[in-house]
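**Student:** work19.txt is the file, holding compact mmCIF, N, CA and C atoms:
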```txt
# COMPACT_ATOMS: atom_id res chain seq x y z
N MET A 1 71.90 68.58 73.01
CA MET A 1 72.34 69.05 71.73
C MET A 1 72.54 70.55 71.80
N PHE A 2 73.58 71.03 71.15
CA PHE A 2 73.94 72.44 71.16
C PHE A 2 73.20 73.17 70.05
N THR A 3 72.59 74.32 70.43
CA THR A 3 71.94 75.13 69.40
C THR A 3 72.69 76.44 69.26
N LYS A 4 72.73 76.95 68.10
CA LYS A 4 73.44 78.18 67.78
C LYS A 4 72.66 79.36 68.36
N PRO A 5 73.37 80.30 69.09
CA PRO A 5 72.65 81.46 69.60
C PRO A 5 72.28 82.38 68.45
N PRO A 6 71.29 83.23 68.66
CA PRO A 6 70.90 84.15 67.61
C PRO A 6 72.06 85.08 67.25
N ALA A 7 72.04 85.63 66.04
CA ALA A 7 73.11 86.50 65.54
C ALA A 7 73.28 87.72 66.42
N SER A 8 72.20 88.26 66.98
CA SER A 8 72.32 89.45 67.83
C SER A 8 73.10 89.14 69.10
N SER A 9 72.96 87.95 69.65
CA SER A 9 73.72 87.55 70.84
C SER A 9 75.20 87.45 70.53
N ARG A 10 75.52 86.89 69.36
CA ARG A 10 76.93 86.78 68.97
C ARG A 10 77.55 88.16 68.78
N LYS A 11 76.80 89.07 68.18
CA LYS A 11 77.31 90.43 67.97
C LYS A 11 77.58 91.13 69.30
N ARG A 12 76.66 90.94 70.25
CA ARG A 12 76.85 91.55 71.58
C ARG A 12 78.07 90.95 72.27
N ALA A 13 78.27 89.66 72.13
CA ALA A 13 79.42 88.99 72.76
C ALA A 13 80.72 89.48 72.15
N VAL A 14 80.75 89.62 70.83
CA VAL A 14 81.96 90.12 70.16
C VAL A 14 82.22 91.56 70.57
N ALA A 15 81.18 92.39 70.62
CA ALA A 15 81.34 93.80 71.02
C ALA A 15 81.84 93.89 72.46
N GLY A 16 81.32 93.04 73.33
CA GLY A 16 81.76 93.04 74.72
C GLY A 16 83.22 92.64 74.85
N ALA A 17 83.61 91.62 74.09
CA ALA A 17 85.00 91.17 74.13
C ALA A 17 85.94 92.26 73.61
N MET A 18 85.50 92.96 72.57
CA MET A 18 86.33 94.05 72.02
C MET A 18 86.45 95.19 73.04
N ALA A 19 85.39 95.48 73.76
CA ALA A 19 85.44 96.55 74.77
C ALA A 19 86.40 96.17 75.89
N VAL A 20 86.35 94.93 76.33
CA VAL A 20 87.27 94.47 77.37
C VAL A 20 88.71 94.56 76.89
N ALA A 21 88.97 94.17 75.66
CA ALA A 21 90.32 94.23 75.10
C ALA A 21 90.80 95.69 75.01
N ALA A 22 89.92 96.59 74.62
CA ALA A 22 90.31 98.01 74.52
C ALA A 22 90.63 98.59 75.88
N VAL A 23 89.82 98.27 76.89
CA VAL A 23 90.08 98.77 78.24
C VAL A 23 91.39 98.20 78.77
N THR A 24 91.63 96.91 78.55
CA THR A 24 92.87 96.29 79.01
C THR A 24 94.08 96.93 78.34
N ALA A 25 94.00 97.17 77.04
CA ALA A 25 95.12 97.81 76.32
C ALA A 25 95.35 99.21 76.86
N GLY A 26 94.28 99.95 77.13
CA GLY A 26 94.42 101.30 77.69
C GLY A 26 95.08 101.27 79.05
N MET A 27 94.72 100.28 79.88
CA MET A 27 95.34 100.18 81.21
C MET A 27 96.82 99.87 81.09
N LEU A 28 97.20 99.02 80.15
CA LEU A 28 98.62 98.69 79.97
C LEU A 28 99.41 99.93 79.54
N LEU A 29 98.85 100.71 78.65
CA LEU A 29 99.54 101.92 78.21
C LEU A 29 99.65 102.93 79.34
N ALA A 30 98.64 103.02 80.16
CA ALA A 30 98.65 103.99 81.26
C ALA A 30 99.65 103.62 82.34
N THR A 31 99.96 102.33 82.48
CA THR A 31 100.86 101.91 83.56
C THR A 31 102.26 101.58 83.06
N THR A 32 102.57 101.87 81.81
CA THR A 32 103.90 101.61 81.28
C THR A 32 104.89 102.51 82.00
N PRO A 33 105.95 101.97 82.58
CA PRO A 33 106.90 102.81 83.32
C PRO A 33 107.68 103.73 82.38
N VAL A 34 108.04 104.88 82.92
CA VAL A 34 108.84 105.84 82.18
C VAL A 34 110.29 105.36 82.19
N ALA A 35 110.96 105.50 81.08
CA ALA A 35 112.37 105.09 81.01
C ALA A 35 113.19 105.94 81.99
N GLN A 36 114.08 105.30 82.70
CA GLN A 36 114.92 106.01 83.67
C GLN A 36 116.37 105.94 83.22
N ALA A 37 117.11 106.94 83.62
CA ALA A 37 118.53 106.98 83.32
C ALA A 37 119.27 107.47 84.56
N ALA A 38 120.43 106.90 84.78
CA ALA A 38 121.24 107.33 85.93
C ALA A 38 121.57 108.82 85.77
N PRO A 39 121.71 109.53 86.88
CA PRO A 39 122.04 110.95 86.81
C PRO A 39 123.35 111.19 86.06
N GLY A 40 123.43 112.30 85.37
CA GLY A 40 124.63 112.66 84.64
C GLY A 40 124.92 114.14 84.79
N ASP A 41 125.97 114.60 84.14
CA ASP A 41 126.40 116.00 84.21
C ASP A 41 126.52 116.44 85.68
N CYS A 42 127.24 115.65 86.46
CA CYS A 42 127.38 115.92 87.89
C CYS A 42 128.63 116.74 88.18
N THR A 43 128.50 117.66 89.09
CA THR A 43 129.64 118.46 89.55
C THR A 43 129.74 118.34 91.05
N THR A 44 130.96 118.49 91.56
CA THR A 44 131.18 118.46 93.01
C THR A 44 131.84 119.77 93.42
N SER A 45 131.63 120.14 94.66
CA SER A 45 132.31 121.32 95.21
C SER A 45 132.52 121.11 96.69
N SER A 46 133.50 121.82 97.22
CA SER A 46 133.77 121.75 98.66
C SER A 46 134.12 123.14 99.15
N GLY A 47 133.78 123.37 100.38
CA GLY A 47 134.07 124.66 100.99
C GLY A 47 133.72 124.62 102.46
N GLY A 48 134.54 125.25 103.25
CA GLY A 48 134.29 125.21 104.69
C GLY A 48 134.37 123.80 105.21
N SER A 49 133.31 123.35 105.83
CA SER A 49 133.31 122.00 106.40
C SER A 49 132.30 121.09 105.69
N SER A 50 132.04 121.33 104.41
CA SER A 50 131.10 120.47 103.70
C SER A 50 131.53 120.26 102.25
N VAL A 51 130.98 119.20 101.65
CA VAL A 51 131.16 118.91 100.23
C VAL A 51 129.76 118.71 99.65
N SER A 52 129.62 118.95 98.35
CA SER A 52 128.29 118.81 97.75
C SER A 52 128.40 118.33 96.30
N SER A 53 127.29 117.80 95.80
CA SER A 53 127.20 117.39 94.40
C SER A 53 125.88 117.88 93.84
N LEU A 54 125.90 118.13 92.53
CA LEU A 54 124.70 118.52 91.81
C LEU A 54 124.74 117.84 90.45
N CYS A 55 123.68 117.09 90.12
CA CYS A 55 123.56 116.44 88.82
C CYS A 55 122.40 117.09 88.08
N THR A 56 122.59 117.35 86.79
CA THR A 56 121.58 118.11 86.05
C THR A 56 120.92 117.33 84.92
N SER A 57 121.27 116.07 84.72
CA SER A 57 120.58 115.28 83.69
C SER A 57 120.28 113.89 84.23
N GLY A 58 119.38 113.18 83.56
CA GLY A 58 118.96 111.86 84.02
C GLY A 58 117.72 111.95 84.88
N THR A 59 117.31 110.81 85.44
CA THR A 59 116.07 110.78 86.22
C THR A 59 116.24 110.13 87.59
N GLY A 60 117.41 109.65 87.92
CA GLY A 60 117.61 108.94 89.18
C GLY A 60 117.96 109.87 90.33
N GLN A 61 118.73 109.36 91.25
CA GLN A 61 119.17 110.12 92.43
C GLN A 61 120.68 110.04 92.54
N HIS A 62 121.26 110.96 93.30
CA HIS A 62 122.70 111.00 93.49
C HIS A 62 123.01 111.40 94.92
N ARG A 63 124.24 111.12 95.36
CA ARG A 63 124.70 111.61 96.66
C ARG A 63 126.21 111.80 96.61
N ILE A 64 126.69 112.74 97.36
CA ILE A 64 128.13 113.01 97.47
C ILE A 64 128.74 111.97 98.40
N HIS A 65 129.96 111.58 98.10
CA HIS A 65 130.67 110.56 98.89
C HIS A 65 132.12 111.04 98.96
N ALA A 66 132.65 111.23 100.15
CA ALA A 66 134.00 111.78 100.27
C ALA A 66 134.80 111.08 101.36
N VAL A 67 136.11 111.08 101.15
CA VAL A 67 137.06 110.60 102.17
C VAL A 67 137.83 111.83 102.63
N LEU A 68 137.85 112.04 103.94
CA LEU A 68 138.51 113.20 104.52
C LEU A 68 139.71 112.80 105.34
N ASN A 69 140.77 113.58 105.23
CA ASN A 69 141.95 113.40 106.09
C ASN A 69 141.95 114.51 107.13
N PRO A 70 142.13 114.17 108.40
CA PRO A 70 142.22 115.21 109.43
C PRO A 70 143.57 115.92 109.36
N LEU A 71 143.66 117.08 109.95
CA LEU A 71 144.95 117.78 109.99
C LEU A 71 145.97 117.02 110.82
N ASP A 72 145.50 116.36 111.86
CA ASP A 72 146.38 115.57 112.72
C ASP A 72 146.61 114.20 112.06
N PRO A 73 147.82 113.89 111.60
CA PRO A 73 148.07 112.63 110.88
C PRO A 73 147.91 111.38 111.74
N ARG A 74 147.80 111.55 113.04
CA ARG A 74 147.61 110.39 113.92
C ARG A 74 146.16 109.90 113.89
N LEU A 75 145.25 110.75 113.39
CA LEU A 75 143.83 110.37 113.34
C LEU A 75 143.52 109.69 112.01
N PRO A 76 142.51 108.80 112.03
CA PRO A 76 142.19 108.06 110.80
C PRO A 76 141.42 108.91 109.78
N GLN A 77 141.41 108.42 108.56
CA GLN A 77 140.56 109.03 107.54
C GLN A 77 139.10 108.84 107.93
N ARG A 78 138.27 109.75 107.44
CA ARG A 78 136.84 109.66 107.71
C ARG A 78 136.08 109.63 106.39
N ILE A 79 135.00 108.88 106.36
CA ILE A 79 134.14 108.83 105.18
C ILE A 79 132.85 109.55 105.52
N ILE A 80 132.43 110.44 104.64
CA ILE A 80 131.15 111.12 104.83
C ILE A 80 130.29 110.92 103.60
N LEU A 81 129.00 110.78 103.83
CA LEU A 81 128.03 110.57 102.77
C LEU A 81 126.97 111.66 102.85
N GLY A 82 126.57 112.16 101.69
CA GLY A 82 125.49 113.13 101.65
C GLY A 82 124.14 112.44 101.56
N ASN A 83 123.11 113.24 101.52
CA ASN A 83 121.75 112.73 101.36
C ASN A 83 121.51 112.33 99.90
N TRP A 84 120.62 111.36 99.69
CA TRP A 84 120.21 111.03 98.32
C TRP A 84 119.34 112.17 97.85
N ALA A 85 119.64 112.72 96.68
CA ALA A 85 118.90 113.85 96.14
C ALA A 85 118.50 113.57 94.69
N PRO A 86 117.31 114.00 94.30
CA PRO A 86 116.92 113.83 92.89
C PRO A 86 117.71 114.76 92.00
N VAL A 87 117.73 114.44 90.71
CA VAL A 87 118.41 115.28 89.74
C VAL A 87 117.88 116.71 89.86
N GLY A 88 118.79 117.68 89.84
CA GLY A 88 118.41 119.08 89.96
C GLY A 88 118.48 119.63 91.37
N GLN A 89 118.66 118.74 92.36
CA GLN A 89 118.80 119.18 93.74
C GLN A 89 120.19 118.80 94.24
N VAL A 90 120.64 119.50 95.27
CA VAL A 90 122.00 119.34 95.79
C VAL A 90 122.04 118.30 96.90
N SER A 91 123.08 117.46 96.87
CA SER A 91 123.38 116.54 97.97
C SER A 91 124.54 117.15 98.75
N VAL A 92 124.39 117.25 100.07
CA VAL A 92 125.41 117.89 100.90
C VAL A 92 125.82 116.94 102.03
N ALA A 93 127.14 116.91 102.29
CA ALA A 93 127.68 116.16 103.43
C ALA A 93 128.57 117.10 104.22
N SER A 94 128.38 117.08 105.52
CA SER A 94 129.19 117.94 106.39
C SER A 94 130.24 117.13 107.11
N ASN A 95 131.34 117.81 107.45
CA ASN A 95 132.42 117.19 108.20
C ASN A 95 132.22 117.50 109.68
N PRO A 96 131.73 116.55 110.45
CA PRO A 96 131.46 116.80 111.87
C PRO A 96 132.72 116.77 112.75
N TRP A 97 133.89 116.43 112.17
CA TRP A 97 135.09 116.28 112.97
C TRP A 97 135.98 117.52 112.96
N GLY A 98 135.56 118.56 112.29
CA GLY A 98 136.36 119.79 112.29
C GLY A 98 137.30 119.89 111.11
N ALA A 99 138.40 120.57 111.31
CA ALA A 99 139.34 120.89 110.22
C ALA A 99 139.95 119.63 109.62
N GLY A 100 140.25 119.72 108.33
CA GLY A 100 140.86 118.62 107.60
C GLY A 100 140.82 118.96 106.12
N TYR A 101 141.13 117.98 105.28
CA TYR A 101 141.06 118.23 103.85
C TYR A 101 140.51 117.01 103.14
N VAL A 102 139.99 117.23 101.94
CA VAL A 102 139.35 116.17 101.16
C VAL A 102 140.44 115.35 100.46
N ALA A 103 140.48 114.06 100.76
CA ALA A 103 141.44 113.15 100.11
C ALA A 103 140.90 112.68 98.77
N SER A 104 139.61 112.36 98.71
CA SER A 104 138.96 111.98 97.45
C SER A 104 137.46 112.22 97.57
N VAL A 105 136.84 112.42 96.43
CA VAL A 105 135.41 112.68 96.40
C VAL A 105 134.83 112.11 95.11
N TRP A 106 133.60 111.57 95.18
CA TRP A 106 132.91 111.08 94.00
C TRP A 106 131.41 111.16 94.25
N VAL A 107 130.66 110.87 93.20
CA VAL A 107 129.20 110.92 93.29
C VAL A 107 128.63 109.53 93.07
N ASP A 108 127.84 109.06 94.04
CA ASP A 108 127.11 107.80 93.89
C ASP A 108 125.84 108.10 93.11
N ARG A 109 125.45 107.20 92.20
CA ARG A 109 124.26 107.43 91.35
C ARG A 109 123.42 106.17 91.28
N ILE A 110 122.11 106.37 91.31
CA ILE A 110 121.17 105.24 91.12
C ILE A 110 120.07 105.67 90.16
N ASP A 111 119.52 104.69 89.44
CA ASP A 111 118.40 104.97 88.52
C ASP A 111 117.14 105.25 89.31
```
Would you write the structure of this file as structure tokens?

**Tutor:**
Amino acid sequence: MFTKPPASSRKRAVAGAMAVAAVTAGMLLATTPVAQAAPGDCTTSSGGSSVSSLCTSGTGQHRIHAVLNPLDPRLPQRIILGNWAPVGQVSVASNPWGAGYVASVWVDRID
């Protein structure tokens, strides 16, 4: 036969359950991920034998991506990629093949 525990035991059990719930809620709040946004306000520049990008808003990463044409039309186009850089830092890609010109350029972005 089941007997009812004393009132003090029930109060301790309720208090313990509430403490566990409070700690669990605190842990959930502490581990909630920060909202992320793809990089924005990106600019590109080229000079000499390199191209670069800089993004100044958002929270993700970006990299410069360019297609280069060599001066000699018999040679193929080349694709160069910069390093992945966080917002506020510059991504740079160098042209290891020497002289040529930029056919197209854009910025790759990830959250």

**Student:** Grab the atom CA of Gln61 of chain A to atom CA of Ser104 of chain A distance for me, in Å with one decimal place.

**Tutor:**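 About the pair atom CA of Gln61 of chain A and atom CA of Ser104 of chain A: they are 20.5 Å apart.
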
**Student:** Within 5 Å of segment 39-55 of chain A, counting all atoms listed in the file, which residues qualify if same-chain residues fewer than 4 places away don't, as a list of chain:residue names?

**Tutor:**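 Final neighbour list, sorted by chain and number: A:Thr59, A:Gly60, A:Val87, A:Gly88, A:Val90, A:Ser91, A:Val92, A:Ala93, A:Ser94, A:Asn95.
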
**Student:** In Å, how far is it from atom CA of Gln36 of chain A to atom N of Ser57 of chain A?

**Tutor:**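 These two atoms are separated by 11.9 Å.
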
**Student:** Grab the atom N of Arg109 of chain A to atom N of Arg63 of chain A distance for me, in Å with one decimal place.

**Tutor:**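 According to the coordinates, atom N of Arg109 of chain A and atom N of Arg63 of chain A are separated by 5.2 Å.
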
**Student:** Excluding Asp72 of chain A and any residue of its chain fewer than 3 positions from it, enumerate the residues within 8 Å of it, using only N, CA and C atoms, and give them as JSON, numbers by chain.

**Tutor:** {"A": [69, 75, 76, 99, 100]}

**Student:** List every residue of segment 41-80 of chain A that DSSP, applied to the backbone, labels as strand (DSSP E), and write the result as a ChimeraX atom specification.

**Tutor:** /A:41-47,50-57,61-70,78-80

**Student:** Pick out the closest residue to Tyr101 of chain A from this set: A:Gln89, A:Trp84, A:Ile79, A:Ile64. Count only C-alpha atoms.

**Tutor:**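 Among the listed residues, A:Ile79 lies closest to Tyr101 of chain A.
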
**Student:** Of the residues A:Ile110, A:Val105, A:Val67, A:Ala85, which is the one nearest to Ala38 of chain A, using all atoms listed in the file?

**Tutor:** A:Ile110
